[in-house]
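One file, my_file37.txt, carrying compact mmCIF, C-alpha atoms:
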```txt
# COMPACT_ATOMS: atom_id res chain seq x y z
CA PHE A 182 78.41 30.82 0.55
CA ALA A 183 75.15 30.91 2.49
CA THR A 184 72.44 33.51 2.39
CA GLN A 185 68.88 33.64 3.67
CA ALA A 186 66.44 36.50 4.16
CA GLY A 187 67.08 38.14 7.52
CA GLN A 188 70.50 36.46 7.96
CA PRO A 189 74.01 37.75 7.25
CA LEU A 190 75.92 36.66 4.17
CA ALA A 191 78.39 33.89 5.01
CA THR A 192 81.20 32.39 2.98
CA ALA A 193 84.07 29.99 3.54
CA LEU A 194 87.63 30.51 2.39
CA ALA A 195 89.83 27.71 1.04
CA ASP A 196 91.68 27.35 4.37
CA GLY A 197 88.47 26.67 6.39
CA THR A 198 87.99 30.23 7.62
CA VAL A 199 84.30 31.23 7.77
CA VAL A 200 83.54 34.91 7.36
CA VAL A 201 80.23 36.75 7.74
CA SER A 202 79.01 40.10 6.43
CA ASP A 203 76.11 41.98 7.99
CA ASP A 204 76.17 44.67 5.29
CA SER A 205 75.83 42.78 1.99
CA GLY A 206 79.56 42.21 1.59
CA GLU A 207 80.90 45.69 2.35
CA THR A 208 82.76 44.43 5.43
CA TRP A 209 83.56 40.93 6.70
CA ARG A 210 84.37 39.43 10.10
CA THR A 211 85.88 36.02 10.83
CA VAL A 212 83.53 33.79 12.82
CA ALA A 213 85.22 30.39 12.69
CA GLN A 214 88.36 28.56 11.61
CA GLY A 215 88.29 24.82 10.95
CA PRO A 216 88.44 22.09 8.36
CA PRO A 217 87.82 22.88 4.68
CA ILE A 218 84.14 23.79 4.15
CA LEU A 219 82.28 22.28 1.18
CA SER A 220 78.76 23.56 1.95
CA MET A 221 76.89 25.83 4.33
CA VAL A 222 73.32 26.84 5.11
CA TRP A 223 71.43 29.05 7.57
CA ASP A 224 68.39 27.54 9.27
CA ASP A 225 65.21 29.47 10.09
CA GLY A 226 66.43 30.08 13.65
CA GLY A 227 69.68 31.75 12.56
CA ALA A 228 72.07 28.83 13.09
CA LEU A 229 74.78 28.32 10.47
CA TYR A 230 75.59 24.73 9.51
CA LEU A 231 78.89 23.82 7.86
CA GLY A 232 79.47 20.71 5.71
CA THR A 233 83.14 19.74 5.68
CA ALA A 234 85.65 17.73 3.71
CA GLY A 235 86.03 14.56 5.76
CA GLU A 236 84.85 15.80 9.15
CA GLY A 237 81.07 15.77 8.84
CA ILE A 238 78.80 18.65 9.84
CA TYR A 239 79.32 21.47 12.32
CA ARG A 240 76.84 23.93 13.80
CA LEU A 241 78.27 27.37 14.38
CA GLY A 242 77.39 28.45 17.90
CA PRO A 243 76.73 32.02 19.09
CA ALA A 244 80.33 32.61 20.19
CA GLY A 245 81.68 31.43 16.84
CA VAL A 246 82.48 27.97 18.16
CA ALA A 247 81.88 25.22 15.61
CA GLN A 248 80.23 22.28 17.38
CA PRO A 249 80.19 18.88 15.61
CA LEU A 250 76.78 17.39 14.81
CA ARG A 251 77.29 13.64 14.95
CA ALA A 252 75.02 11.11 13.27
CA ASP A 253 76.74 7.91 14.45
CA ASP A 254 77.18 7.03 10.77
CA SER A 255 80.72 7.10 9.40
CA GLU A 256 79.50 8.00 5.91
CA LEU A 257 78.29 11.34 7.28
CA ASP A 258 80.55 11.90 10.30
CA GLU A 259 83.76 11.22 8.34
CA GLY A 260 82.57 11.89 4.80
CA ASP A 261 82.51 14.86 2.49
CA VAL A 262 79.29 16.85 2.92
CA HIS A 263 78.86 18.60 -0.43
CA HIS A 264 75.32 19.94 0.01
CA LEU A 265 73.17 21.22 2.89
CA ALA A 266 69.57 22.46 3.10
CA ALA A 267 67.52 23.51 6.13
CA PRO A 268 63.79 23.60 5.41
CA GLN A 269 61.32 23.99 8.32
CA GLY A 270 62.86 22.23 11.29
CA ARG A 271 65.05 19.68 9.54
CA LEU A 272 68.59 19.60 8.26
CA VAL A 273 69.32 17.77 5.00
CA ALA A 274 72.90 16.80 4.12
CA ALA A 275 74.24 15.10 1.00
CA THR A 276 77.46 13.17 0.58
CA PRO A 277 78.43 12.11 -2.96
CA THR A 278 75.89 9.23 -2.92
CA LEU A 279 73.77 9.44 0.26
CA LEU A 280 71.22 11.80 1.73
CA PHE A 281 70.85 12.31 5.49
CA THR A 282 67.90 14.09 7.11
CA ARG A 283 67.95 15.32 10.73
CA ASP A 284 64.84 16.21 12.67
CA ASP A 285 65.75 19.24 14.82
CA ALA A 286 63.17 18.36 17.47
CA THR A 287 64.55 14.88 18.16
CA GLY A 288 68.08 15.09 16.75
CA ALA A 289 67.48 11.76 14.98
CA TRP A 290 69.08 11.19 11.56
CA THR A 291 67.54 9.25 8.67
CA ARG A 292 69.91 7.76 6.08
CA SER A 293 68.70 7.42 2.50
CA GLU A 294 68.99 4.65 0.00
CA PRO A 295 72.03 5.35 -2.23
CA VAL A 296 71.84 7.59 -5.26
CA TYR A 297 74.20 5.64 -7.51
CA ASP A 298 74.49 8.30 -10.21
CA GLY A 299 76.05 10.73 -7.72
CA ILE A 300 74.51 13.76 -6.02
CA MET A 301 75.59 17.03 -7.64
CA ALA A 302 72.80 19.34 -6.41
CA LEU A 303 70.19 19.41 -3.65
CA VAL A 304 66.91 21.22 -2.94
CA ALA A 305 64.71 20.37 0.03
CA LEU A 306 61.30 22.00 -0.06
CA ASP A 307 59.42 23.15 3.04
CA SER A 308 56.49 20.98 2.01
CA GLY A 309 58.56 17.79 2.27
CA PRO A 310 59.94 16.55 -1.06
CA ILE A 311 63.70 16.54 -1.58
CA TYR A 312 65.21 16.78 -5.07
CA VAL A 313 68.74 15.79 -6.06
CA GLY A 314 70.49 16.50 -9.33
CA THR A 315 72.74 13.67 -10.51
CA GLU A 316 75.81 13.31 -12.71
CA VAL A 317 74.05 11.47 -15.55
CA SER A 318 70.40 10.71 -14.89
CA GLY A 319 68.85 14.11 -14.33
CA VAL A 320 66.78 14.98 -11.27
CA TRP A 321 65.38 12.52 -8.74
CA VAL A 322 62.82 13.21 -6.03
CA THR A 323 62.06 11.56 -2.71
CA PRO A 324 58.94 12.20 -0.64
CA ASP A 325 60.25 10.14 2.32
CA ALA A 326 63.79 11.33 3.17
CA GLY A 327 65.41 9.08 0.58
CA GLN A 328 63.81 5.76 1.45
CA THR A 329 62.42 5.69 -2.10
CA TRP A 330 63.59 7.61 -5.18
CA GLN A 331 61.69 8.45 -8.37
CA PRO A 332 62.82 10.34 -11.45
CA ALA A 333 61.35 13.83 -11.41
CA ALA A 334 58.49 14.08 -13.86
CA VAL A 335 59.53 15.16 -17.34
CA ALA A 336 56.83 17.83 -17.34
CA GLU A 337 58.23 19.30 -14.12
CA LEU A 338 61.67 20.04 -15.56
CA GLY A 339 61.27 20.04 -19.33
CA PHE A 340 63.63 17.12 -20.04
CA ALA A 341 62.95 14.66 -22.84
CA PRO A 342 62.10 11.10 -21.71
CA GLY A 343 65.29 9.09 -21.23
CA GLN A 344 67.55 12.11 -21.67
CA MET A 345 70.90 11.73 -19.88
CA VAL A 346 71.96 15.00 -18.35
CA ALA A 347 74.27 16.19 -15.57
CA VAL A 348 72.41 18.52 -13.22
CA THR A 349 74.92 20.90 -11.68
CA ALA A 350 72.58 23.10 -9.63
CA LEU A 351 68.98 23.13 -8.40
CA ALA A 352 66.95 26.00 -6.97
CA ALA A 353 63.39 26.39 -5.74
CA ASP A 354 61.43 29.59 -6.27
CA PRO A 355 60.17 30.79 -2.86
CA ALA A 356 57.61 33.04 -4.56
CA GLU A 357 56.14 30.11 -6.51
CA PRO A 358 55.86 26.92 -4.44
CA GLY A 359 56.53 23.86 -6.55
CA VAL A 360 58.64 25.69 -9.16
CA LEU A 361 62.11 24.17 -9.50
CA TYR A 362 64.99 25.39 -11.67
CA ALA A 363 67.82 23.13 -12.84
CA ALA A 364 71.18 24.02 -14.36
CA VAL A 365 72.43 21.29 -16.68
CA ASP A 366 75.70 20.46 -18.32
```

Starting from the file, give its structure as C-alpha cells.
Amino acid sequence: FATQAGQPLATALADGTVVVSDDSGETWRTVAQGPPILSMVWDDGGALYLGTAGEGIYRLGPAGVAQPLRADDSELDEGDVHHLAAPQGRLVAATPTLLFTRDDATGAWTRSEPVYDGIMALVALDSGPIYVGTEVSGVWVTPDAGQTWQPAAVAELGFAPGQMVAVTALAADPAEPGVLYAAVD
C-alpha cells in the first residue's frame, strides 16, 4: 500500500490491479491493471510510482495509464523492485541487492554499490541519507546514493556492537527529523 498526507490511499492486489481510496478505505476505485506490484509510493507532486516483479518501475499517469520509467540498467528495468521511496525531488528504488536513485529534474539514475546482505527495508530521508535494513547485518546508511555504505551507528538504533539481526522494516518519524525506527526479526 501507499499513503502520504494529502494523497489518497493506494494498494495493489495480487493480480496487479491498483486501487485507490479517497475516503480512507470506505470505497475503492481501480486505477490501473498491470504486472504484479511489489512496492508503491506517492511523491510530493501526487504521482504514484509502482515497483513491479520483473518489469521495473512504472509511474501512474493522470488517466490511470502506467508509464514505464526506464533506467537503461537491466537490474532495475527487468528486476524485482521491492522498495520505493520518494523524498524531495528524487525517487529511490531497491532491488534485492542494489539501490537506484533518480533525480526528478534530470531523469538521471544513479546505481549503488551492492548491498551483499540483501535489502529488506528502505528509508530515504529528505535531508539526504538513505538507510537500508538487511537480512543479517542490521541497518546500513549511505550519504551519497549508495556509492559508499556504512553501518548505522549503534547509538542511533540501539543494537549491540556486532549484533547480527534481520531488519524487516524501517520508518522515519516526520515529526522528529533524524529519528529512525527499525523492526527486527

query = Between CA of Leu280 (chain A) and CA of Val304 (chain A), what is the distance, to one decimal in Å?
reply = 11.4 Å

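With all atoms listed in the file as the basis for measurement, A:Val313 is the residue among A:Val348, A:Val313, A:Val246, A:Leu265 that approaches Thr278 (chain A) most closely.
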
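The point (83.9, 28.1, 2.5) has these residues within 8 Å of it when only C-alpha atoms are used: Phe182, Thr192, Ala193, Leu194, Ala195, Gly197, Thr198, Val199, Pro217, Ile218, Leu219, Ser220 and Met221 of chain A.
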
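Summary of the local environment: counting all atoms listed in the file, residues at most 9 Å from Leu306 (chain A), other than itself and those fewer than 3 positions away along its chain, are Ala266, Ala267, Pro268, Gln269, Gly309, Pro310, Ile311, Tyr312, Ala353, Pro358 and Gly359 of chain A.
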
Could you take the residues named above and write them with C-alpha atoms, as a PDB file, in the frame of the given file?
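Generated output (result.pdb):
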```pdb
ATOM      1  CA  ALA A 266      69.570  22.460   3.100  1.00  0.00           C
ATOM      2  CA  ALA A 267      67.520  23.510   6.130  1.00  0.00           C
ATOM      3  CA  PRO A 268      63.790  23.600   5.410  1.00  0.00           C
ATOM      4  CA  GLN A 269      61.320  23.990   8.320  1.00  0.00           C
ATOM      5  CA  GLY A 309      58.560  17.790   2.270  1.00  0.00           C
ATOM      6  CA  PRO A 310      59.940  16.550  -1.060  1.00  0.00           C
ATOM      7  CA  ILE A 311      63.700  16.540  -1.580  1.00  0.00           C
ATOM      8  CA  TYR A 312      65.210  16.780  -5.070  1.00  0.00           C
ATOM      9  CA  ALA A 353      63.390  26.390  -5.740  1.00  0.00           C
ATOM     10  CA  PRO A 358      55.860  26.920  -4.440  1.00  0.00           C
ATOM     11  CA  GLY A 359      56.530  23.860  -6.550  1.00  0.00           C
TER      12      GLY A 359
END
```

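Restricting the calculation to all atoms listed in the file, the smallest distance between Leu190 (chain A) and any of A:Thr315, A:Pro216, A:Thr291, A:Trp223 is found for A:Trp223.
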
message = Please return as JSON, numbers by chain every residue within 9 Å of (63.1, 11.2, 4.5), taking into account all atoms listed in the file and the file's own coordinates.
response = {"A": [280, 281, 282, 283, 291, 292, 293, 309, 310, 311, 323, 324, 325, 326, 327, 328, 329]}

request  = Using all atoms listed in the file, pick whichever of A:Val222, A:Val320, A:Ala274, A:Met301 has the shortest atom-to-atom distance to Ala252 (chain A).
outcome  = A:Ala274

key: Among listed residues A:Ser255, A:Thr184, A:Thr208, A:Thr287, nearest Tyr230 (chain A) (using only C-alpha atoms)   = A:Thr184

note = A straight line from CA of Leu257 (chain A) to CA of Glu294 (chain A) spans 13.6 Å

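For the pair CA of Ala234 (chain A) and CA of Asp261 (chain A), the separation is 4.4 Å.
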
ask   = Neighbours of Trp209 (chain A) within 7 Å (only C-alpha atoms; same-chain residues fewer than 6 positions away dropped), as a ChimeraX atom specification?
value = /A:200-202

task = Go through A:Asp298, A:Asp254, A:Asp284, A:Asp307 one by one, measure the shortest atom-to-atom distance of each to Gly319 (chain A) using all atoms listed in the file, and give the residue with the smallest value.
result = A:Asp298

key: Which residue of A:Leu250, A:Ala183, A:Val365, A:Ala275 approaches Val262 (chain A) most closely, using only C-alpha atoms   = A:Ala275

Could I get region 223-255 of chain A rebuilt with N, CA and C atoms, written as an mmCIF file, keeping the file's coordinate frame?
```cif
data_model
loop_
_atom_site.group_PDB
_atom_site.id
_atom_site.type_symbol
_atom_site.label_atom_id
_atom_site.label_comp_id
_atom_site.auth_asym_id
_atom_site.auth_seq_id
_atom_site.Cartn_x
_atom_site.Cartn_y
_atom_site.Cartn_z
ATOM 1 N N TRP A 223 72.073 28.486 6.383
ATOM 2 C CA TRP A 223 71.430 29.050 7.570
ATOM 3 C C TRP A 223 70.112 28.314 7.773
ATOM 4 N N ASP A 224 69.726 28.050 9.021
ATOM 5 C CA ASP A 224 68.390 27.540 9.270
ATOM 6 C C ASP A 224 67.469 28.700 9.627
ATOM 7 N N ASP A 225 66.187 28.422 9.806
ATOM 8 C CA ASP A 225 65.210 29.470 10.090
ATOM 9 C C ASP A 225 65.449 30.165 11.421
ATOM 10 N N GLY A 226 66.154 29.501 12.341
ATOM 11 C CA GLY A 226 66.430 30.080 13.650
ATOM 12 C C GLY A 226 67.725 30.874 13.704
ATOM 13 N N GLY A 227 68.447 30.974 12.589
ATOM 14 C CA GLY A 227 69.680 31.750 12.560
ATOM 15 C C GLY A 227 70.943 30.973 12.844
ATOM 16 N N ALA A 228 70.862 29.638 12.905
ATOM 17 C CA ALA A 228 72.070 28.830 13.090
ATOM 18 C C ALA A 228 72.709 28.580 11.729
ATOM 19 N N LEU A 229 74.035 28.592 11.692
ATOM 20 C CA LEU A 229 74.780 28.320 10.470
ATOM 21 C C LEU A 229 75.379 26.928 10.561
ATOM 22 N N TYR A 230 75.065 26.086 9.581
ATOM 23 C CA TYR A 230 75.590 24.730 9.510
ATOM 24 C C TYR A 230 76.668 24.668 8.446
ATOM 25 N N LEU A 231 77.743 23.930 8.745
ATOM 26 C CA LEU A 231 78.890 23.820 7.860
ATOM 27 C C LEU A 231 79.121 22.363 7.486
ATOM 28 N N GLY A 232 79.136 22.050 6.200
ATOM 29 C CA GLY A 232 79.470 20.710 5.710
ATOM 30 C C GLY A 232 80.941 20.703 5.343
ATOM 31 N N THR A 233 81.684 19.729 5.837
ATOM 32 C CA THR A 233 83.140 19.740 5.680
ATOM 33 C C THR A 233 83.652 18.652 4.751
ATOM 34 N N ALA A 234 84.934 18.749 4.465
ATOM 35 C CA ALA A 234 85.650 17.730 3.710
ATOM 36 C C ALA A 234 86.234 16.735 4.710
ATOM 37 N N GLY A 235 85.520 15.635 4.925
ATOM 38 C CA GLY A 235 86.030 14.560 5.760
ATOM 39 C C GLY A 235 85.780 14.645 7.244
ATOM 40 N N GLU A 236 85.106 15.688 7.717
ATOM 41 C CA GLU A 236 84.850 15.800 9.150
ATOM 42 C C GLU A 236 83.389 16.026 9.481
ATOM 43 N N GLY A 237 82.494 15.701 8.560
ATOM 44 C CA GLY A 237 81.070 15.770 8.840
ATOM 45 C C GLY A 237 80.498 17.171 8.852
ATOM 46 N N ILE A 238 79.551 17.397 9.773
ATOM 47 C CA ILE A 238 78.800 18.650 9.840
ATOM 48 C C ILE A 238 79.067 19.332 11.181
ATOM 49 N N TYR A 239 79.168 20.658 11.120
ATOM 50 C CA TYR A 239 79.320 21.470 12.320
ATOM 51 C C TYR A 239 78.195 22.501 12.359
ATOM 52 N N ARG A 240 77.798 22.847 13.576
ATOM 53 C CA ARG A 240 76.840 23.930 13.800
ATOM 54 C C ARG A 240 77.621 25.055 14.443
ATOM 55 N N LEU A 241 77.542 26.228 13.851
ATOM 56 C CA LEU A 241 78.270 27.370 14.380
ATOM 57 C C LEU A 241 77.474 27.973 15.523
ATOM 58 N N GLY A 242 78.042 27.930 16.714
ATOM 59 C CA GLY A 242 77.390 28.450 17.900
ATOM 60 C C GLY A 242 77.478 29.965 17.992
ATOM 61 N N PRO A 243 76.791 30.561 18.970
ATOM 62 C CA PRO A 243 76.730 32.020 19.090
ATOM 63 C C PRO A 243 78.082 32.683 19.298
ATOM 64 N N ALA A 244 79.010 32.018 19.936
ATOM 65 C CA ALA A 244 80.330 32.610 20.190
ATOM 66 C C ALA A 244 81.310 32.293 19.059
ATOM 67 N N GLY A 245 80.813 31.773 17.951
ATOM 68 C CA GLY A 245 81.680 31.430 16.840
ATOM 69 C C GLY A 245 82.368 30.088 16.991
ATOM 70 N N VAL A 246 81.903 29.292 17.944
ATOM 71 C CA VAL A 246 82.480 27.970 18.160
ATOM 72 C C VAL A 246 81.736 26.969 17.291
ATOM 73 N N ALA A 247 82.481 26.236 16.475
ATOM 74 C CA ALA A 247 81.880 25.220 15.610
ATOM 75 C C ALA A 247 81.752 23.918 16.392
ATOM 76 N N GLN A 248 80.507 23.504 16.613
ATOM 77 C CA GLN A 248 80.230 22.280 17.380
ATOM 78 C C GLN A 248 79.869 21.157 16.416
ATOM 79 N N PRO A 249 80.515 19.976 16.528
ATOM 80 C CA PRO A 249 80.190 18.880 15.610
ATOM 81 C C PRO A 249 78.775 18.355 15.844
ATOM 82 N N LEU A 250 78.106 18.017 14.769
ATOM 83 C CA LEU A 250 76.780 17.390 14.810
ATOM 84 C C LEU A 250 76.978 15.944 14.376
ATOM 85 N N ARG A 251 76.995 15.027 15.269
ATOM 86 C CA ARG A 251 77.290 13.640 14.950
ATOM 87 C C ARG A 251 76.024 12.858 14.647
ATOM 88 N N ALA A 252 76.150 11.933 13.696
ATOM 89 C CA ALA A 252 75.020 11.110 13.270
ATOM 90 C C ALA A 252 75.229 9.646 13.612
ATOM 91 N N ASP A 253 76.370 9.304 14.189
ATOM 92 C CA ASP A 253 76.740 7.910 14.450
ATOM 93 C C ASP A 253 76.692 7.084 13.172
ATOM 94 N N ASP A 254 77.097 7.684 12.073
ATOM 95 C CA ASP A 254 77.180 7.030 10.770
ATOM 96 C C ASP A 254 78.453 7.542 10.113
ATOM 97 N N SER A 255 79.415 6.662 9.901
ATOM 98 C CA SER A 255 80.720 7.100 9.400
ATOM 99 C C SER A 255 80.628 7.757 8.032
#
```
